[in-house]
file protein-v4.txt (compact mmCIF, C-alpha atoms and all ligand atoms)
# COMPACT_ATOMS: atom_id res chain seq x y z
CA MET A 1 -37.40 -22.90 -18.47
CA GLU A 2 -36.20 -22.60 -14.86
CA VAL A 3 -38.22 -20.82 -12.18
CA ALA A 4 -35.40 -18.35 -11.66
CA GLN A 5 -35.63 -17.27 -15.29
CA ARG A 6 -39.37 -16.79 -15.03
CA ILE A 7 -39.42 -14.48 -12.03
CA GLY A 8 -42.28 -12.07 -12.48
CA GLN A 9 -44.39 -14.60 -14.45
CA THR A 10 -47.21 -16.53 -12.82
CA ILE A 11 -46.48 -20.29 -12.64
CA SER A 12 -48.46 -23.19 -11.21
CA PHE A 13 -47.74 -24.94 -7.90
CA GLU A 14 -47.01 -28.21 -9.77
CA THR A 15 -44.23 -26.52 -11.77
CA CYS A 16 -42.76 -25.17 -8.53
CA GLN A 17 -42.84 -28.66 -7.01
CA GLU A 18 -41.05 -30.09 -10.11
CA GLU A 19 -38.36 -27.41 -9.87
CA TRP A 20 -37.93 -28.11 -6.15
CA ASN A 21 -37.40 -31.82 -6.86
CA ALA A 22 -34.89 -31.00 -9.59
CA LEU A 23 -33.04 -28.70 -7.19
CA ALA A 24 -32.65 -31.56 -4.70
CA GLY A 25 -30.32 -33.32 -7.19
CA ASP A 26 -28.25 -30.16 -7.62
CA TYR A 27 -28.08 -29.76 -3.85
CA GLU A 28 -26.55 -33.25 -3.51
CA LYS A 29 -23.95 -32.34 -6.13
CA CYS A 30 -23.15 -29.14 -4.17
CA LEU A 31 -22.59 -31.16 -0.99
CA ASP A 32 -20.30 -33.62 -2.80
CA LYS A 33 -18.31 -30.78 -4.38
CA ASN A 34 -17.93 -29.09 -1.01
CA LYS A 35 -16.69 -32.33 0.58
CA GLU A 36 -14.13 -32.67 -2.20
CA TYR A 37 -13.07 -29.03 -1.75
CA ARG A 38 -12.69 -29.37 2.05
CA LYS A 39 -10.49 -32.43 1.56
CA THR A 40 -8.26 -30.62 -0.95
CA ALA A 41 -8.08 -27.56 1.35
CA GLU A 42 -6.97 -29.69 4.30
CA SER A 43 -4.34 -31.44 2.23
CA TYR A 44 -3.22 -28.05 0.86
CA HIS A 45 -2.76 -26.67 4.39
CA SER A 46 -0.84 -29.68 5.63
CA GLN A 47 1.41 -29.62 2.52
CA ARG A 48 2.04 -25.92 3.06
CA ASN A 49 2.99 -26.43 6.72
CA ALA A 50 5.23 -29.35 5.81
CA CYS A 51 6.96 -27.26 3.15
CA LYS A 52 7.40 -24.38 5.59
CA SER A 53 8.96 -26.58 8.27
CA GLN A 54 11.31 -28.20 5.73
CA ILE A 55 12.49 -24.78 4.60
CA ASP A 56 12.96 -23.61 8.20
CA ARG A 57 15.00 -26.72 8.93
CA GLN A 58 17.20 -26.16 5.85
CA MET A 59 17.73 -22.52 6.82
CA LYS A 60 18.73 -23.48 10.36
CA LYS A 61 21.19 -26.11 9.12
CA LEU A 62 22.66 -23.71 6.56
CA LYS A 63 23.21 -21.14 9.30
CA ILE A 64 25.07 -23.64 11.49
CA LEU A 65 27.07 -24.86 8.50
CA LYS A 66 28.05 -21.31 7.56
CA GLU A 67 29.17 -20.53 11.11
CA SER A 68 31.31 -23.69 11.23
CA LEU A 69 32.73 -23.02 7.77
CA LYS A 70 33.79 -19.51 8.76
CA LYS A 71 35.99 -20.98 11.49
CA THR A 72 37.93 -23.17 9.03
CA SER A 73 41.12 -21.94 7.32
CA SER A 74 40.58 -19.93 4.15
CA SER A 75 40.85 -21.54 0.72
CA SER A 76 39.24 -21.12 -2.68
CA GLU A 77 36.98 -24.16 -1.96
CA LYS A 78 35.79 -22.49 1.23
CA LYS A 79 34.92 -19.31 -0.73
CA ASP A 80 33.03 -21.38 -3.29
CA LEU A 81 31.08 -23.22 -0.63
CA LEU A 82 30.16 -19.95 1.15
CA GLU A 83 28.85 -18.57 -2.13
CA LYS A 84 26.83 -21.74 -2.72
CA ILE A 85 25.32 -21.47 0.78
CA ASP A 86 24.30 -17.85 0.12
CA GLU A 87 22.82 -18.86 -3.22
CA ARG A 88 20.82 -21.65 -1.54
CA LYS A 89 19.55 -19.19 1.09
CA ARG A 90 18.37 -16.80 -1.62
CA SER A 91 16.57 -19.63 -3.39
CA LEU A 92 14.87 -20.69 -0.13
CA ASP A 93 13.87 -17.06 0.53
CA GLU A 94 12.27 -16.95 -2.91
CA ILE A 95 10.24 -20.12 -2.24
CA GLY A 96 9.28 -18.79 1.21
CA LYS A 97 7.51 -15.76 -0.34
CA PHE A 98 4.34 -17.82 -0.70
CA LEU A 99 4.48 -19.55 2.68
CA PRO A 100 3.03 -18.38 6.03
CA ARG A 101 5.17 -15.97 7.99
CA LYS A 102 4.85 -14.19 11.36
CA ASN A 103 3.03 -10.86 11.15
CA GLY A 104 4.81 -7.67 12.17
CA PHE A 105 3.97 -5.92 15.46
CA TYR A 106 1.32 -3.55 14.05
CA LEU A 107 -0.46 -6.23 12.02
CA ARG A 108 -0.39 -8.54 15.05
CA LEU A 109 -2.12 -5.83 17.07
CA ILE A 110 -4.93 -5.67 14.51
CA VAL A 111 -5.47 -9.19 13.21
CA GLY A 112 -3.36 -11.27 15.59
CA GLN A 113 -1.21 -14.09 14.25
CA VAL A 114 -3.57 -15.02 11.37
CA ASN A 115 -1.73 -15.86 8.14
CA MET A 116 -1.78 -12.82 5.82
CA ILE A 117 0.41 -14.23 3.06
CA LEU A 118 -1.29 -14.36 -0.32
CA ASP A 119 -0.22 -17.60 -1.90
CA SER A 120 -0.07 -16.77 -5.59
CA THR A 121 1.50 -14.03 -7.70
CA ALA A 122 -1.93 -13.29 -9.20
CA ASP A 123 -3.44 -12.71 -5.72
CA LYS A 124 -0.53 -10.49 -4.70
CA PHE A 125 -0.99 -8.44 -7.86
CA ARG A 126 -4.76 -8.21 -7.33
CA TYR A 127 -4.27 -7.03 -3.75
CA LYS A 128 -1.79 -4.33 -4.77
CA ASP A 129 -4.09 -3.25 -7.60
CA GLU A 130 -7.00 -3.00 -5.12
CA TYR A 131 -4.81 -0.91 -2.81
CA GLU A 132 -3.94 1.53 -5.61
CA LYS A 133 -7.61 1.77 -6.66
CA PHE A 134 -8.67 2.35 -3.07
CA LYS A 135 -6.23 5.28 -2.87
CA LEU A 136 -7.58 6.67 -6.14
CA TYR A 137 -11.26 6.52 -5.06
CA CYS A 138 -10.44 8.09 -1.69
CA SER A 139 -8.38 10.85 -3.34
CA VAL A 140 -11.23 11.70 -5.72
CA THR A 141 -13.67 11.75 -2.77
CA THR A 142 -11.43 14.00 -0.65
CA LEU A 143 -10.87 16.23 -3.69
CA GLY A 144 -14.64 16.74 -4.11
CA PHE A 145 -15.11 17.20 -0.36
CA ALA A 146 -12.29 19.79 -0.12
CA VAL A 147 -13.68 21.74 -3.12
CA ALA A 148 -17.12 21.79 -1.45
CA LEU A 149 -15.55 23.04 1.79
CA VAL A 150 -13.77 25.88 0.00
CA PHE A 151 -16.78 27.05 -2.03
CA PHE A 152 -20.02 25.95 -0.30
CA LEU A 153 -19.70 24.40 3.14
CA ASN A 154 -18.33 26.89 5.58
CA HIS A 155 -18.99 25.30 8.94
CA ARG A 156 -16.57 23.78 11.47
CA VAL A 157 -18.66 20.59 11.69
CA PHE A 158 -18.09 19.84 7.98
CA ASP A 159 -14.39 20.58 8.40
CA ALA A 160 -14.22 18.12 11.29
CA MET A 161 -16.04 15.52 9.16
CA PHE A 162 -13.49 16.05 6.40
CA SER A 163 -10.57 15.59 8.80
CA PHE A 164 -12.29 12.50 10.18
CA VAL A 165 -12.55 11.00 6.68
CA LEU A 166 -8.80 11.62 6.24
CA LEU A 167 -8.13 10.07 9.64
CA TRP A 168 -10.04 6.91 8.62
CA TYR A 169 -8.32 6.86 5.22
CA TYR A 170 -4.80 7.00 6.63
CA CYS A 171 -5.57 4.43 9.34
CA THR A 172 -6.84 2.08 6.63
CA LEU A 173 -3.71 2.67 4.56
CA THR A 174 -1.45 1.69 7.46
CA VAL A 175 -3.23 -1.67 7.73
CA ARG A 176 -3.28 -2.30 3.97
CA GLU A 177 0.41 -1.41 3.73
CA SER A 178 1.37 -3.74 6.57
CA ILE A 179 -0.29 -6.55 4.61
CA LEU A 180 1.56 -5.48 1.45
CA ILE A 181 4.87 -5.52 3.34
CA VAL A 182 4.46 -9.08 4.67
CA ASN A 183 3.66 -10.01 1.08
CA GLY A 184 7.01 -8.73 -0.15
CA SER A 185 6.31 -5.11 -1.12
CA ARG A 186 9.40 -2.85 -1.07
CA ILE A 187 7.57 0.23 0.26
CA LYS A 188 10.11 2.47 1.96
CA GLY A 189 9.70 2.83 5.73
CA TRP A 190 9.09 6.56 5.43
CA TRP A 191 5.92 6.21 3.31
CA VAL A 192 4.40 4.01 6.00
CA MET A 193 5.58 6.45 8.67
CA HIS A 194 4.10 9.26 6.55
CA HIS A 195 0.67 7.72 7.02
CA TYR A 196 1.09 7.46 10.81
CA VAL A 197 2.11 11.14 10.92
CA SER A 198 -0.91 11.99 8.73
CA VAL A 199 -3.16 10.12 11.19
CA LEU A 200 -1.85 12.36 13.99
CA LEU A 201 -2.25 15.45 11.81
CA SER A 202 -5.85 14.66 10.82
CA GLY A 203 -6.70 13.72 14.43
CA THR A 204 -5.34 17.06 15.67
CA ASN A 205 -7.40 18.87 13.02
CA VAL A 206 -10.57 17.07 14.17
CA ILE A 207 -10.22 18.33 17.74
CA TRP A 208 -8.94 21.85 16.98
CA GLY A 209 -11.56 24.34 18.24
CA ASP A 210 -13.37 26.83 16.02
CA ASN A 211 -11.48 30.04 16.83
CA GLU A 212 -9.60 32.86 15.12
CA ALA A 213 -6.36 30.93 14.76
CA TYR A 214 -8.25 28.07 13.11
CA ARG A 215 -10.14 30.38 10.74
CA GLU A 216 -6.89 32.03 9.70
CA PHE A 217 -5.30 28.71 8.77
CA ARG A 218 -8.42 27.15 7.21
CA PRO A 219 -8.05 28.57 3.64
CA VAL A 220 -4.41 27.42 3.44
CA LEU A 221 -5.31 23.97 4.74
CA MET A 222 -8.26 23.49 2.40
CA THR A 223 -6.45 24.64 -0.74
CA PHE A 224 -3.53 22.41 0.23
CA SER A 225 -5.96 19.48 0.61
CA ILE A 226 -7.27 20.10 -2.92
CA TYR A 227 -3.73 20.18 -4.28
CA GLN A 228 -2.67 17.06 -2.39
CA SER A 229 -5.68 15.08 -3.65
CA LEU A 230 -4.88 16.12 -7.23
CA VAL A 231 -1.25 15.03 -6.83
CA GLN A 232 -2.43 11.71 -5.38
CA VAL A 233 -4.57 11.13 -8.49
CA MET A 234 -1.48 11.77 -10.67
CA GLN A 235 0.52 9.46 -8.43
CA TYR A 236 -2.08 6.74 -9.01
CA TYR A 237 -1.60 6.85 -12.78
CA TYR A 238 2.16 6.64 -12.38
CA GLN A 239 2.13 3.86 -9.79
CA SER A 240 -0.52 1.68 -11.41
CA GLY A 241 1.33 2.13 -14.74
CA CYS A 242 4.50 0.79 -13.05
CA LEU A 243 2.53 -2.07 -11.53
CA TYR A 244 1.01 -3.26 -14.83
CA ARG A 245 4.28 -2.91 -16.74
CA LEU A 246 6.27 -4.78 -14.09
CA ARG A 247 3.69 -7.53 -14.18
CA ALA A 248 3.94 -7.76 -17.96
CA LEU A 249 7.74 -7.91 -17.62
CA GLY A 250 7.45 -10.87 -15.27
CA GLU A 251 4.96 -12.70 -17.47
CA ARG A 252 6.34 -12.25 -20.97
CA HIS A 253 9.16 -14.61 -21.69
CA ASP A 254 9.69 -13.22 -25.18
CA MET A 255 10.61 -9.92 -23.46
CA ASP A 256 8.99 -7.65 -26.02
CA LEU A 257 8.63 -5.28 -23.09
CA THR A 258 12.24 -4.92 -21.93
CA VAL A 259 13.69 -3.72 -18.65
CA GLU A 260 15.10 -0.73 -20.50
CA GLY A 261 11.68 -0.04 -22.02
CA PHE A 262 10.13 -0.11 -18.56
CA GLN A 263 12.77 2.20 -17.15
CA SER A 264 12.36 4.77 -19.90
CA TRP A 265 8.55 4.75 -19.35
CA MET A 266 9.11 5.09 -15.59
CA TRP A 267 11.49 8.03 -16.03
CA ARG A 268 9.05 9.85 -18.28
CA GLY A 269 6.33 9.39 -15.64
CA LEU A 270 8.64 10.38 -12.83
CA THR A 271 9.98 13.55 -14.47
CA PHE A 272 6.39 14.64 -15.10
CA LEU A 273 5.38 13.91 -11.50
CA LEU A 274 8.40 15.22 -9.62
CA PRO A 275 7.80 19.00 -10.00
CA PHE A 276 4.26 18.53 -8.61
CA LEU A 277 5.61 16.42 -5.72
CA PHE A 278 8.34 18.92 -4.82
CA PHE A 279 5.87 21.81 -5.01
CA GLY A 280 3.62 19.86 -2.59
CA HIS A 281 6.55 19.31 -0.22
CA LEU A 282 7.35 23.04 -0.25
CA TRP A 283 3.69 23.73 0.45
CA GLN A 284 3.95 21.51 3.53
CA LEU A 285 6.92 23.59 4.67
CA TYR A 286 4.87 26.73 4.01
CA ASN A 287 2.02 25.29 6.14
CA ALA A 288 4.46 24.76 9.01
CA TYR A 289 5.70 28.34 8.62
CA THR A 290 2.14 29.78 8.47
CA LEU A 291 1.17 27.86 11.60
CA MET A 292 4.22 29.18 13.45
CA THR A 293 3.37 32.79 12.51
CA ILE A 294 -0.24 32.19 13.64
CA GLY A 295 1.08 30.63 16.87
CA ILE A 296 3.31 33.66 17.56
CA LYS A 297 0.40 36.04 16.85
CA TYR A 298 -1.85 34.27 19.39
CA ASN A 299 0.93 33.53 21.93
CA PHE A 300 0.66 29.77 21.36
CA ASN A 301 -2.42 29.60 23.56
CA GLU A 302 -3.47 26.38 21.84
CA TRP A 303 -1.25 23.28 21.65
CA GLN A 304 -2.77 22.29 18.27
CA VAL A 305 -0.96 25.13 16.47
CA PRO A 306 2.68 24.18 17.29
CA ALA A 307 1.78 20.48 17.11
CA LEU A 308 0.45 20.87 13.55
CA ALA A 309 3.45 23.01 12.60
CA LEU A 310 5.78 20.27 13.81
CA LEU A 311 3.78 17.57 11.99
CA PHE A 312 3.80 19.51 8.69
CA PHE A 313 7.52 20.13 9.09
CA THR A 314 8.11 16.39 9.71
CA LEU A 315 6.09 15.59 6.57
CA PHE A 316 8.12 18.06 4.54
CA CYS A 317 11.49 16.64 5.72
CA GLY A 318 10.46 12.98 5.29
CA ASN A 319 8.79 13.45 1.89
CA PHE A 320 11.42 15.73 0.42
CA PHE A 321 14.51 13.76 1.44
CA THR A 322 12.98 10.34 0.75
CA THR A 323 11.87 11.43 -2.74
CA ILE A 324 15.38 12.73 -3.48
CA ASN A 325 16.85 9.48 -2.21
CA VAL A 326 14.44 7.45 -4.41
CA VAL A 327 15.40 9.48 -7.49
CA VAL A 328 19.15 9.10 -6.80
CA GLN A 329 18.77 5.33 -6.32
CA LYS A 330 16.75 4.99 -9.52
CA GLN A 331 19.31 7.01 -11.46
CA LYS A 332 22.13 4.74 -10.22
CA LYS A 333 20.13 1.66 -11.21
CA ARG A 334 19.43 3.14 -14.63
CA ILE A 335 23.14 3.80 -15.27
CA LYS A 336 23.95 0.23 -14.15
CA THR A 337 21.33 -1.24 -16.54
CA LYS A 338 22.70 0.82 -19.42
CA GLU A 339 26.23 -0.37 -18.72
CA GLN A 340 25.21 -4.05 -18.78
N1 LIG B 401 3.13 5.29 -0.81
C1 LIG B 401 2.96 3.95 -0.83
N2 LIG B 401 3.73 3.09 -1.54
C2 LIG B 401 4.73 3.63 -2.24
C3 LIG B 401 4.98 5.02 -2.26
C4 LIG B 401 4.12 5.87 -1.50
N3 LIG B 401 4.28 7.20 -1.48
N4 LIG B 401 6.06 5.25 -3.06
C5 LIG B 401 6.46 4.05 -3.52
N5 LIG B 401 5.67 3.08 -3.03
C6 LIG B 401 5.79 1.62 -3.27
C7 LIG B 401 5.73 1.25 -4.74
O1 LIG B 401 4.40 1.03 -5.18
C8 LIG B 401 6.56 -0.03 -4.76
O2 LIG B 401 5.75 -1.09 -4.25
P1 LIG B 401 5.99 -2.65 -4.66
O3 LIG B 401 7.32 -3.06 -4.12
O4 LIG B 401 4.85 -3.34 -3.96
O5 LIG B 401 5.89 -2.72 -6.15
C9 LIG B 401 7.63 0.23 -3.71
O6 LIG B 401 7.10 1.23 -2.85
C10 LIG B 401 8.95 0.72 -4.29
O7 LIG B 401 8.70 1.88 -5.06
P2 LIG B 401 9.88 2.77 -5.66
O8 LIG B 401 10.41 2.09 -6.88
O9 LIG B 401 10.85 3.12 -4.58
O10 LIG B 401 9.12 4.11 -6.05
P3 LIG B 401 8.03 4.41 -7.18
O11 LIG B 401 8.71 4.52 -8.52
O12 LIG B 401 6.89 3.46 -7.12
O13 LIG B 401 7.51 5.85 -6.72
C11 LIG B 401 7.68 8.19 -6.17
C12 LIG B 401 8.43 6.90 -6.56
C13 LIG B 401 8.72 9.26 -5.83
C14 LIG B 401 6.82 8.66 -7.34
C15 LIG B 401 6.76 7.87 -4.96
O14 LIG B 401 7.53 7.36 -3.93
C16 LIG B 401 5.99 9.09 -4.53
O15 LIG B 401 5.01 9.45 -5.14
N6 LIG B 401 6.43 9.77 -3.47
C17 LIG B 401 5.94 11.05 -3.05
C18 LIG B 401 4.80 10.96 -2.08
C19 LIG B 401 4.56 12.34 -1.52
O16 LIG B 401 5.48 13.10 -1.35
N7 LIG B 401 3.30 12.69 -1.25
C20 LIG B 401 2.96 14.00 -0.77
C21 LIG B 401 2.60 14.89 -1.94
S1 LIG B 401 2.13 16.47 -1.43
call {"tool": "encode", "arguments": {"input": "protein-v4.txt", "output": "structure tokens"}}
result
Amino acid sequence: MEVAQRIGQTISFETCQEEWNALAGDYEKCLDKNKEYRKTAESYHSQRNACKSQIDRQMKKLKILKESLKKTSSSSEKKDLLEKIDERKRSLDEIGKFLPRKNGFYLRLIVGQVNMILDSTADKFRYKDEYEKFKLYCSVTTLGFAVALVFFLNHRVFDAMFSFVLLWYYCTLTVRESILIVNGSRIKGWWVMHHYVSVLLSGTNVIWGDNEAYREFRPVLMTFSIYQSLVQVMQYYYQSGCLYRLRALGERHDMDLTVEGFQSWMWRGLTFLLPFLFFGHLWQLYNAYTLMTIGIKYNFNEWQVPALALLFFTLFCGNFFTTINVVVQKQKKRIKTKEQ
């Protein structure tokens, strides 16, 4: 029996010495394995860079070829060749999904020009899954915190702590989402912007003083926070459901889970979720309105009041119109799939 399995039992020094000698052999094996791994890793990196530069070269040549081709007189062969060039570009784009790429401005500010591309579909899926779970855990935490603030903790310091947690949460989301985007996620620009606006909103809440205007708005803000956390939990079940089904669609070649099957599941989820989302958006508009009435009552003697009103109004407009746009786009896609 090994020493590790006998922890807690008394063993002699000689047995320990024997184990130590046996471990020396294992240690050698570890070193050899590590050497082998380092060699493979180096070869992997050089292959990846070589592949990347070959693709870049192809892309550059295709671009020049396309430009030259456009200047030639039109014919059916020319049209064919242009289509083939576009097809080749799409294929190269597809291959490039797993190769290093330059980070966007925000990501560069945070991590610099380190490669953030996950190089397998399984890793991309795991990262997205982690992101959704992170949102769920944070939503449950903020839900509990907001309930405690409404019923037990009535002190400005706890409120500021709550807003600070939200501030940290949204900052983290902006980073995680930037990584998702370089890895090919189709998150709409507004949802990322939504998190920047929420950072400003939470930051303003942290520094808002404890005065009458604040105390008047507090119950509305806290009940809204409870509602928003609940909606985010519902959103998690919808979005992680989409994620797992889309993954199954990509993996199963026998297609027992069809595109149509996925779409009908998605629509059922969406029609359940939408009334809650729209109610939340209207609540954001109501928050903006409440803040404006509070501002008028106290002659706008604090900048936080109109600033928060403007931020809530921006959230309402962005969320409401983007959600409508998403639904319209999905409906069009659904009709197209049915027609095929
Ligand atoms: N935040 C982050 N990512 C989002 C997102 C959001 N609000 N909405 C969609 N995405 C992501 C999806 O996960 C998907 O990612 P992927 O390409 O990595 O797979 C991509 O964007 C495209 O998603 P799409 O098909 O356009 O939408 P969906 O079906 O996943 O979700 C909604 C549609 C309407 C349910 C979703 O956008 C949503 O919940 N919006 C409302 C948010 C809101 O208003 N919150 C405030 C409530 S008070």
call {"tool": "closest_atom_pairs", "arguments": {"input": "protein-v4.txt", "of": "range 35-134 of chain A", "to": "range 220-241 of chain A", "cutoff": "8 Å", "atoms": "all atoms listed in the file", "output": "JSON lines"}}
result
{"residue": "A:Asp129", "atom": "CA", "partner": "A:Ser240", "partner_atom": "CA", "distance": 7.2}
{"residue": "A:Glu132", "atom": "CA", "partner": "A:Tyr236", "partner_atom": "CA", "distance": 6.5}
{"residue": "A:Lys133", "atom": "CA", "partner": "A:Tyr236", "partner_atom": "CA", "distance": 7.8}
call {"tool": "write_last_selection", "arguments": {"input": "protein-v4.txt", "atoms": "C-alpha atoms", "output": "mmCIF file, keeping the file's coordinate frame"}}
result
data_model
loop_
_atom_site.group_PDB
_atom_site.id
_atom_site.type_symbol
_atom_site.label_atom_id
_atom_site.label_comp_id
_atom_site.auth_asym_id
_atom_site.auth_seq_id
_atom_site.Cartn_x
_atom_site.Cartn_y
_atom_site.Cartn_z
ATOM 1 C CA ASP A 129 -4.090 -3.250 -7.600
ATOM 2 C CA GLU A 132 -3.940 1.530 -5.610
ATOM 3 C CA LYS A 133 -7.610 1.770 -6.660
#
call {"tool": "residues_near_ligand", "arguments": {"input": "protein-v4.txt", "ligand": "ligand LIG 401 (chain B)", "cutoff": "6 Å", "atoms": "all atoms listed in the file", "output": "MDAnalysis selection string"}}
result
chainID A and resid 185:188 191 228 235 239 277 280:281 319 323 326
call {"tool": "atom_distance", "arguments": {"input": "protein-v4.txt", "atom1": "CA of Tyr214 in chain A", "atom2": "CA of Val197 in chain A"}}
result
20.0 Å
call {"tool": "residues_around", "arguments": {"input": "protein-v4.txt", "residues": "range 85-102 of chain A", "least_positions_apart": "4", "cutoff": "7 Å", "atoms": "only C-alpha atoms", "output": "VMD selection string"}}
result
chain A and resid 48 52 55 59 62 81 113 115 117 to 120
call {"tool": "write_last_selection", "arguments": {"input": "protein-v4.txt", "atoms": "C-alpha atoms", "output": "CSV table (one decimal), in the frame of the given file"}}
result
chain,number,residue,atom,x,y,z
A,48,ARG,CA,2.0,-25.9,3.1
A,52,LYS,CA,7.4,-24.4,5.6
A,55,ILE,CA,12.5,-24.8,4.6
A,59,MET,CA,17.7,-22.5,6.8
A,62,LEU,CA,22.7,-23.7,6.6
A,81,LEU,CA,31.1,-23.2,-0.6
A,113,GLN,CA,-1.2,-14.1,14.2
A,115,ASN,CA,-1.7,-15.9,8.1
A,117,ILE,CA,0.4,-14.2,3.1
A,118,LEU,CA,-1.3,-14.4,-0.3
A,119,ASP,CA,-0.2,-17.6,-1.9
A,120,SER,CA,-0.1,-16.8,-5.6
call {"tool": "atom_distance", "arguments": {"input": "protein-v4.txt", "atom1": "CA of Lys78 in chain A", "atom2": "CA of Leu65 in chain A"}}
result
11.6 Å
call {"tool": "residues_around", "arguments": {"input": "protein-v4.txt", "residues": "range 156-171 of chain A", "least_positions_apart": "3", "cutoff": "9 Å", "atoms": "all atoms listed in the file", "output": "JSON, numbers by chain"}}
result
{"A": [135, 138, 142, 145, 146, 149, 153, 174, 175, 176, 195, 196, 198, 199, 200, 201, 202, 203, 204, 205, 206, 207, 208, 209, 210, 218]}
call {"tool": "residues_around", "arguments": {"input": "protein-v4.txt", "residues": "Thr290 in chain A", "least_positions_apart": "6", "cutoff": "12 Å", "atoms": "all atoms listed in the file", "output": "list in words"}}
result
Ala213, Tyr214, Glu216, Phe217, Arg218, Pro219, Val220, Leu221, Trp283, Gln284, Ile296, Lys297, Val305, Pro306, Leu308, Ala309, Leu310, Phe312 and Phe313 of chain A
call {"tool": "write_last_selection", "arguments": {"input": "protein-v4.txt", "atoms": "C-alpha atoms", "output": "PDB file, in the frame of the given file"}}
result
ATOM      1  CA  ALA A 213      -6.360  30.930  14.760  1.00  0.00           C
ATOM      2  CA  TYR A 214      -8.250  28.070  13.110  1.00  0.00           C
ATOM      3  CA  GLU A 216      -6.890  32.030   9.700  1.00  0.00           C
ATOM      4  CA  PHE A 217      -5.300  28.710   8.770  1.00  0.00           C
ATOM      5  CA  ARG A 218      -8.420  27.150   7.210  1.00  0.00           C
ATOM      6  CA  PRO A 219      -8.050  28.570   3.640  1.00  0.00           C
ATOM      7  CA  VAL A 220      -4.410  27.420   3.440  1.00  0.00           C
ATOM      8  CA  LEU A 221      -5.310  23.970   4.740  1.00  0.00           C
ATOM      9  CA  TRP A 283       3.690  23.730   0.450  1.00  0.00           C
ATOM     10  CA  GLN A 284       3.950  21.510   3.530  1.00  0.00           C
ATOM     11  CA  ILE A 296       3.310  33.660  17.560  1.00  0.00           C
ATOM     12  CA  LYS A 297       0.400  36.040  16.850  1.00  0.00           C
ATOM     13  CA  VAL A 305      -0.960  25.130  16.470  1.00  0.00           C
ATOM     14  CA  PRO A 306       2.680  24.180  17.290  1.00  0.00           C
ATOM     15  CA  LEU A 308       0.450  20.870  13.550  1.00  0.00           C
ATOM     16  CA  ALA A 309       3.450  23.010  12.600  1.00  0.00           C
ATOM     17  CA  LEU A 310       5.780  20.270  13.810  1.00  0.00           C
ATOM     18  CA  PHE A 312       3.800  19.510   8.690  1.00  0.00           C
ATOM     19  CA  PHE A 313       7.520  20.130   9.090  1.00  0.00           C
TER      20      PHE A 313
END
call {"tool": "closest_residue", "arguments": {"input": "protein-v4.txt", "among": "A:Met266, A:Ile294, A:Ala307, A:Ile179", "to": "Lys330 in chain A", "atoms": "only C-alpha atoms"}}
result
A:Met266
call {"tool": "atom_distance", "arguments": {"input": "protein-v4.txt", "atom1": "CA of Arg38 in chain A", "atom2": "CA of Arg108 in chain A"}}
result
27.5 Å
